[in-house]
Amino acid sequence: MIKKNYGAWKYHEILSAGVMVHVAESGDKVFTVRAGSPRLVSTQTIRKFAEIADKHCGGFMRFTSRHNAEFMVTEESKVKPLVAELESAGFPVGGLGNAITSIIHTQGWVHCHSAATDASGIVKCVMDDLFEYFKTTELPGKIRIALACCLNMCGAVHCSDIAILGIHRRPPKILDASLKRLCEIPNVVASCPTAAIRPATKDGVPTVEIDENLCMFCANCFTVCPALPINDPLNDGVSIWVGGKVSNAMSEPRFSKLAVPFLPNNPPRWPEVVAAVRNIVEVWAKNARPFERIGDFIERIGWPRFFQMTGIEFTKQHIDDFKHAGLTYKRSTQLRHG
Amino acid sequence: MAEIPKTPLLDELEKGPWPSFVKEIKKAAEKNDMAKGLLGQLETSYREKIGHWKHGGIVGVMGYGGGVIGRYSDLADKFPDVAHFHTMRVNHPAGWFYTSEALRKLCDIWDEHGSGLTNMHGSTGDIIFLGTTTDQLEPIFAKLTEAGFDLGGSGSDVRTPSCCVGQARCEWACYDTMALTYDLTMTYQDELHRPAFPYKYKFKCSGCPIDCVASIARADMSIIGTWKDDIQVDAGEVKKYADGGLNIDKLVCANCPTKCMDWNGKTLAIDNSNCVKCMHCIRVMPKALRPGKERGATILLGSKAPIVEGALLSSVLVPFMEMKPPYQELKDLVEKIWDFWGEYGKNRERVGELIQRVGLGNFLEAIGLEPRPEMIRRETETPHGHWAAALPEAFAAGDQEELRRVEIS
């Protein structure tokens with residue numbers, strides 16, 4: 001059916017939070033059922049997907065760029081049993097239209113050396129909490145949540161409606177004894193975007209020194225040099241960013257901006273992060289106009305009111321101090337008072 | 001086989017309605033010791049609030065420089081099963097379409113040679129095989145090749161290109177994203193497997209400006225479908241939306257970024273010359289409105305995440321390009337960009353950062369593209385311009401007499 005109507009689709013409609021229909025010029029219809037997955041999946045689960053594809057969909061399925069699993073059938077009557085089978089196998093159906101879809105995320109403590117927090121764990125907790133919004137399409141518009149466990153951001157976290165970002169807050173430790181053996185010092189010096197790293201000699205051994213006042217904890221030096229570990233169980237944690245998007249619809253694509261500078265790593269359920277995300281979702285859901293993304297909504301009401309409505313504290317961290325910071329200052333008297 | 005370790009903290013993440021990754025690791029642990037080791041190490045991370053993976057390590061398969069990421073535990077004595085736990089990136093089929101047979105084949109290979117844990121899929125789009133040992137890499141690679149799969153990119157090379165579902169199942173796709181993704185993947189095999197660039201280079205192909213693969217935010221080269229002519233209108237269907245209670249004035253016209261639409265209660269007038277192809281009206285009334293017929297793509301360059309010079313969105317390089325095989329115009333452009341970036345890019349400098357450093361004007365000159373106003377958000381406000389050294393000299397060299405005269409007057 002996909003092959004036959006390739007390039008000849010006419011329109012589509014979202015029938016419920018997890019089911020849509022595409023209608024071709026030929027009149028053919030394909031019904032897509034979208035199911036959430038944890039992204040980290042065992043081969044048993046993939047085999048289960050294959051089994052469902054064989055039973056309902058002629059042996060075909062696909063995944064989406066947000067690691068949902070999609071199953072397609074050609075008759076409406078086949079939708080219900082497919083949904084029932086997916087649900088009973090533990091894959092909830094939803095996430096289409098004005099719903100919260102799967103959170104894209106990185107590896108975290110499961111598989112990464114530079115993670116400032118876990119990825120899969122926070123995502124699981126936030127999705128458990130926002131599950132009602134995965135199952136319904138009552139939100140004002142689309143909302144994309146993403147998580148990256150450090151600033152490297154293996155994914156488009158920086159343009160998400162809500163981005164959850166792991167951050168470090170202390171400079172790297174310097175393993176003087178092994179640095180020369182593991183790293184090229186000129187490379188390490190060049191890797192720092194704020195020129196905080198200088199070559200040094202300690203006890204006759206070549207190494208580096210780091211100016212703490214200049215370090216902004218990006219960990220780029222650690223990426224090129226394993227002898228500069230930055231992970232820190234006391235001071236690492238999570239920041240939350242809002243208002244980014246990649247779609248060109250209505251407004252242009254834009255970056256997410258800082259909302260909550262720091263929340264502690266509190267495994268296994270990260271209650272502070274879960275509550276902060278829900279708060280932002282609810283303020284937006286209650287006050288936004290139809291089709292407004294979080295960024296469009298804040299643009300309309302202004303940042304001061306966003307902080308007022310969410311009760312998030314505005315701090316020094318919210319003011320940009322990197323390159324081009326001056327472009328972010330307000331240089332007009334167009335302000336709302338009271 | 002070792003026991004499945006006790007994981008009181010991780011067990012908390014088996015609760016709740018969203019599918020649990022802990023359950024997945026436990027499923028794999030029923031048949032695989034590496035997955036058991038992973039459970040033990042991850043529980044330790046949850047207790048200590050810190051990761052326990054060492055920094056990289058160079059491993060790979062013969063003939064390829066990319067596709068495998070070395071991973072070693074720093075708790076190898078406690079969890080010897082994950083002492084070596086390398087990742088393999090496997091190039092996915094365009095659009096992530098699979099047959100059940102292909103999925104089972106992948107599972108067979110990974111059950112035999114790895115942890116049985118995967119990501120379907122990683123952020124770039126690859127199938128991620130999570131966790132195996134160095135001696136298993138070549139057998140896996142051989143079996144993947146036999147099954148018609150190949151490794152994806154990693155390090156300073158072309159990363160696995162990816163795309164939206166495109167014309168396979170979307171009426172908005174303005175070009176065949178899956179065909180282009182496949183073509184780019186095959187054309188640039190050498191660049192994909194053998195890292196020779198200053199840093200990574202990502203292609204992402206989106207069929208329309210909704211940009212379902214977030215191409216504009218995370219691809220060095222973003223190829224986003226668009227059209228040149230008029231939005232196709234089915235007046236009958238527009239009326240049906242209105243009759244059905246849709247407030248066209250408020251929800252469609254008022255939200256148009258250039259206010260190029262007008263609804264008088266009966267007909268929808270569109271000033272197409274002012275349409276910026278944002279897709280809003282089309283997505284609200286998909287039965288009534290469709291992209292035009294003269295279709296192609298906008299080519300944008302340079303997006304990336306914050307490391308190191310700050311995050312960038314891609315910026316316009318070619319406002320409109322036809323997207324038809326063999327895509328020669330696009331490939332010529334790509335190769336000119338690679339030549340300049342390869343020559344002038346610093347170590348770990350993405351192409352977007354290079355453009356920031358040398359200036360878009362100079363970059364355009366280097367790759368032989370004419371500057372166009374569509375490439376910028378606004379014209380410069382700075383009078384400190386650069387003029388080429390090739391301008392004619394006002395005074396002939398050595399004409400001291402003339403210079404002195406100017407100085408005195």
# chains A, B, ... in the order shown; residues from 1 in each chain; ligands from 1
$ select_by_dssp --residues "segment 106-308 of chain B" --states "alpha helix (DSSP H)" --output "PyMOL selection string"
chain B and resi 106-113+137-146+177-187+189-193+215-218+235-243+280-284
$ write_last_selection --atoms "C-alpha atoms" --output "tab-separated table (two decimals), in the first residue's frame"
chain	number	residue	atom	x	y	z
B	106	LEU	CA	19.38	-8.07	13.59
B	107	CYS	CA	18.19	-9.69	16.83
B	108	ASP	CA	19.82	-13.03	15.93
B	109	ILE	CA	23.18	-11.36	15.32
B	110	TRP	CA	23.01	-9.28	18.47
B	111	ASP	CA	21.80	-12.11	20.71
B	112	GLU	CA	24.71	-14.24	19.58
B	113	HIS	CA	27.45	-11.60	19.82
B	137	LEU	CA	33.31	-6.74	16.47
B	138	GLU	CA	34.56	-8.48	13.33
B	139	PRO	CA	32.09	-11.41	13.51
B	140	ILE	CA	29.21	-8.95	14.00
B	141	PHE	CA	30.42	-6.80	11.12
B	142	ALA	CA	30.70	-9.84	8.83
B	143	LYS	CA	27.20	-11.05	9.69
B	144	LEU	CA	25.68	-7.57	9.34
B	145	THR	CA	27.25	-7.26	5.90
B	146	GLU	CA	25.87	-10.64	4.93
B	177	THR	CA	13.50	12.39	1.28
B	178	MET	CA	14.04	8.64	1.53
B	179	ALA	CA	15.53	8.45	-1.97
B	180	LEU	CA	17.89	11.37	-1.29
B	181	THR	CA	18.97	9.90	2.06
B	182	TYR	CA	19.75	6.58	0.41
B	183	ASP	CA	21.58	8.27	-2.45
B	184	LEU	CA	23.73	10.44	-0.13
B	185	THR	CA	24.51	7.41	2.05
B	186	MET	CA	25.68	5.39	-0.96
B	187	THR	CA	27.50	8.27	-2.71
B	189	GLN	CA	30.42	5.70	1.66
B	190	ASP	CA	34.09	6.59	1.81
B	191	GLU	CA	33.48	9.81	3.76
B	192	LEU	CA	31.06	7.93	6.04
B	193	HIS	CA	33.39	5.14	7.06
B	215	SER	CA	17.10	19.12	10.45
B	216	ILE	CA	17.47	22.87	10.98
B	217	ALA	CA	18.64	22.38	14.57
B	218	ARG	CA	21.09	19.52	14.34
B	235	ALA	CA	-12.45	25.80	-2.25
B	236	GLY	CA	-15.15	23.24	-1.53
B	237	GLU	CA	-13.12	21.74	1.29
B	238	VAL	CA	-12.32	25.20	2.71
B	239	LYS	CA	-16.06	25.83	2.93
B	240	LYS	CA	-16.55	22.47	4.63
B	241	TYR	CA	-14.01	23.43	7.32
B	242	ALA	CA	-15.87	26.73	7.84
B	243	ASP	CA	-19.23	24.99	7.96
B	280	HIS	CA	0.49	26.66	9.30
B	281	CYS	CA	-2.63	27.07	7.13
B	282	ILE	CA	-1.96	23.75	5.42
B	283	ARG	CA	-1.63	21.84	8.68
B	284	VAL	CA	-4.87	23.36	10.01
$ residues_around --residues "segment 92-102 of chain A" --least-positions-apart "6" --cutoff "6 Å" --atoms "only C-alpha atoms" --output "PyMOL selection string"
chain A and resi 17-18+34-36+133-137+139+141-143
$ write_last_selection --atoms "C-alpha atoms" --output "PDB file, in the first residue's frame"
ATOM      1  CA  ALA A  17      -4.092  10.488  20.311  1.00  0.00           C
ATOM      2  CA  GLY A  18      -2.477   7.415  18.766  1.00  0.00           C
ATOM      3  CA  ARG A  34       1.715   4.961  17.112  1.00  0.00           C
ATOM      4  CA  ALA A  35       3.052   3.338  20.279  1.00  0.00           C
ATOM      5  CA  GLY A  36       5.550   4.632  22.811  1.00  0.00           C
ATOM      6  CA  TYR A 133      -1.156  14.133  27.991  1.00  0.00           C
ATOM      7  CA  PHE A 134       0.274  11.275  25.919  1.00  0.00           C
ATOM      8  CA  LYS A 135      -3.169   9.716  25.799  1.00  0.00           C
ATOM      9  CA  THR A 136      -5.204  12.838  24.918  1.00  0.00           C
ATOM     10  CA  THR A 137      -4.998  15.646  22.342  1.00  0.00           C
ATOM     11  CA  LEU A 139      -3.276  20.610  24.648  1.00  0.00           C
ATOM     12  CA  GLY A 141      -0.524  22.836  20.398  1.00  0.00           C
ATOM     13  CA  LYS A 142       2.428  20.576  19.914  1.00  0.00           C
ATOM     14  CA  ILE A 143       4.933  20.106  22.702  1.00  0.00           C
TER      15      ILE A 143
END
$ atom_distance --atom1 "atom CA of Asp234 of chain B" --atom2 "atom CA of Asp28 of chain A"
19.4 Å
$ atom_distance --atom1 "atom CA of Pro286 of chain B" --atom2 "atom CA of Glu13 of chain A"
7.8 Å
$ closest_residue --among "B:Val158, B:Ala147, B:Ile25, B:Val318" --to "chain A" --atoms "only C-alpha atoms"
B:Ile25
$ closest_residue --among "B:Ala29, B:Leu300, B:Cys256, B:Val68" --to "chain A" --atoms "only C-alpha atoms"
B:Cys256
$ select_by_dssp --residues "segment 100-256 of chain A" --states "strand (DSSP E)" --output "MDAnalysis selection string"
chainID A and resid 104:105 145:148 162:167 197:202 205:210 237:242
$ residues_around --residues "Ile127 of chain B" --least-positions-apart "2" --cutoff "7 Å" --atoms "only C-alpha atoms" --output "list of chain:residue names"
B:Arg89, B:Val90, B:Asn91, B:His92, B:Asn119, B:Met120, B:His121, B:Gly122, B:Gly125, B:Phe129
$ decode --residues "segment 193-222 of chain B" --atoms "N, CA, C and O atoms" --output "short mmCIF file (atom, residue, chain, number, x, y, z; two decimals), in the first residue's frame"
data_model
loop_
_atom_site.label_atom_id
_atom_site.label_comp_id
_atom_site.auth_asym_id
_atom_site.auth_seq_id
_atom_site.Cartn_x
_atom_site.Cartn_y
_atom_site.Cartn_z
N HIS B 193 32.69 6.16 6.29
CA HIS B 193 33.39 5.14 7.06
C HIS B 193 34.82 5.51 7.44
O HIS B 193 35.40 4.90 8.31
N ARG B 194 35.37 6.53 6.73
CA ARG B 194 36.77 6.86 6.99
C ARG B 194 36.89 8.32 7.41
O ARG B 194 36.91 9.21 6.57
N PRO B 195 36.97 8.56 8.71
CA PRO B 195 36.96 9.94 9.22
C PRO B 195 38.16 10.73 8.70
O PRO B 195 39.30 10.38 9.00
N ALA B 196 37.90 11.78 7.90
CA ALA B 196 38.99 12.57 7.34
C ALA B 196 38.68 14.06 7.41
O ALA B 196 39.37 14.88 6.83
N PHE B 197 37.58 14.40 8.11
CA PHE B 197 37.15 15.80 8.18
C PHE B 197 37.68 16.46 9.45
O PHE B 197 38.15 15.77 10.36
N PRO B 198 37.56 17.79 9.56
CA PRO B 198 37.90 18.44 10.83
C PRO B 198 37.01 17.92 11.98
O PRO B 198 37.45 17.83 13.12
N TYR B 199 35.74 17.63 11.67
CA TYR B 199 34.81 17.14 12.69
C TYR B 199 33.64 16.47 11.98
O TYR B 199 33.68 16.23 10.78
N LYS B 200 32.56 16.20 12.72
CA LYS B 200 31.44 15.48 12.12
C LYS B 200 30.71 16.32 11.06
O LYS B 200 30.76 17.56 11.08
N TYR B 201 30.02 15.64 10.14
CA TYR B 201 29.18 16.33 9.14
C TYR B 201 27.88 15.56 9.01
O TYR B 201 27.86 14.40 8.61
N LYS B 202 26.78 16.21 9.39
CA LYS B 202 25.48 15.53 9.39
C LYS B 202 24.58 16.05 8.28
O LYS B 202 24.48 17.26 8.09
N PHE B 203 23.93 15.12 7.58
CA PHE B 203 22.88 15.47 6.62
C PHE B 203 21.54 15.06 7.22
O PHE B 203 21.40 13.94 7.72
N LYS B 204 20.55 15.94 7.17
CA LYS B 204 19.19 15.50 7.52
C LYS B 204 18.21 16.07 6.51
O LYS B 204 18.27 17.24 6.16
N CYS B 205 17.31 15.19 6.05
CA CYS B 205 16.40 15.53 4.96
C CYS B 205 14.97 15.57 5.47
O CYS B 205 14.43 14.53 5.86
N SER B 206 14.38 16.75 5.46
CA SER B 206 12.98 16.90 5.85
C SER B 206 12.17 17.26 4.62
O SER B 206 12.60 18.09 3.81
N GLY B 207 10.99 16.69 4.50
CA GLY B 207 10.19 16.89 3.29
C GLY B 207 9.47 18.22 3.20
O GLY B 207 9.07 18.65 2.12
N CYS B 208 9.27 18.88 4.36
CA CYS B 208 8.56 20.16 4.33
C CYS B 208 9.04 21.01 5.51
O CYS B 208 9.75 20.53 6.38
N PRO B 209 8.60 22.29 5.55
CA PRO B 209 9.10 23.18 6.62
C PRO B 209 8.65 22.83 8.04
O PRO B 209 9.10 23.47 9.00
N ILE B 210 7.80 21.83 8.22
CA ILE B 210 7.49 21.36 9.58
C ILE B 210 8.75 20.70 10.17
O ILE B 210 8.97 20.73 11.37
N ASP B 211 9.56 20.11 9.34
CA ASP B 211 10.89 19.60 9.71
C ASP B 211 10.83 18.53 10.80
O ASP B 211 11.38 18.70 11.90
N CYS B 212 10.22 17.40 10.47
CA CYS B 212 10.04 16.32 11.46
C CYS B 212 11.34 15.68 11.93
O CYS B 212 11.33 14.98 12.94
N VAL B 213 12.46 15.83 11.23
CA VAL B 213 13.70 15.26 11.77
C VAL B 213 14.59 16.34 12.39
O VAL B 213 15.77 16.11 12.62
N ALA B 214 14.01 17.50 12.67
CA ALA B 214 14.76 18.58 13.35
C ALA B 214 16.06 18.91 12.62
O ALA B 214 17.08 19.19 13.22
N SER B 215 15.95 18.90 11.30
CA SER B 215 17.10 19.12 10.45
C SER B 215 17.75 20.48 10.70
O SER B 215 18.97 20.60 10.77
N ILE B 216 16.93 21.51 10.87
CA ILE B 216 17.47 22.87 10.98
C ILE B 216 18.23 23.08 12.29
O ILE B 216 19.01 24.01 12.41
N ALA B 217 18.01 22.20 13.26
CA ALA B 217 18.64 22.38 14.57
C ALA B 217 19.87 21.52 14.76
O ALA B 217 20.67 21.78 15.64
N ARG B 218 20.02 20.46 13.99
CA ARG B 218 21.09 19.52 14.34
C ARG B 218 21.81 18.90 13.15
O ARG B 218 22.56 17.94 13.33
N ALA B 219 21.59 19.43 11.94
CA ALA B 219 22.31 18.90 10.79
C ALA B 219 23.25 19.96 10.26
O ALA B 219 22.86 21.12 10.12
N ASP B 220 24.49 19.58 9.96
CA ASP B 220 25.39 20.55 9.33
C ASP B 220 24.78 20.99 8.01
O ASP B 220 24.85 22.15 7.64
N MET B 221 24.18 20.02 7.29
CA MET B 221 23.46 20.39 6.08
C MET B 221 22.01 19.98 6.21
O MET B 221 21.69 18.80 6.33
N SER B 222 21.13 20.98 6.24
CA SER B 222 19.69 20.75 6.40
C SER B 222 19.04 20.91 5.03
O SER B 222 19.17 21.96 4.41
#
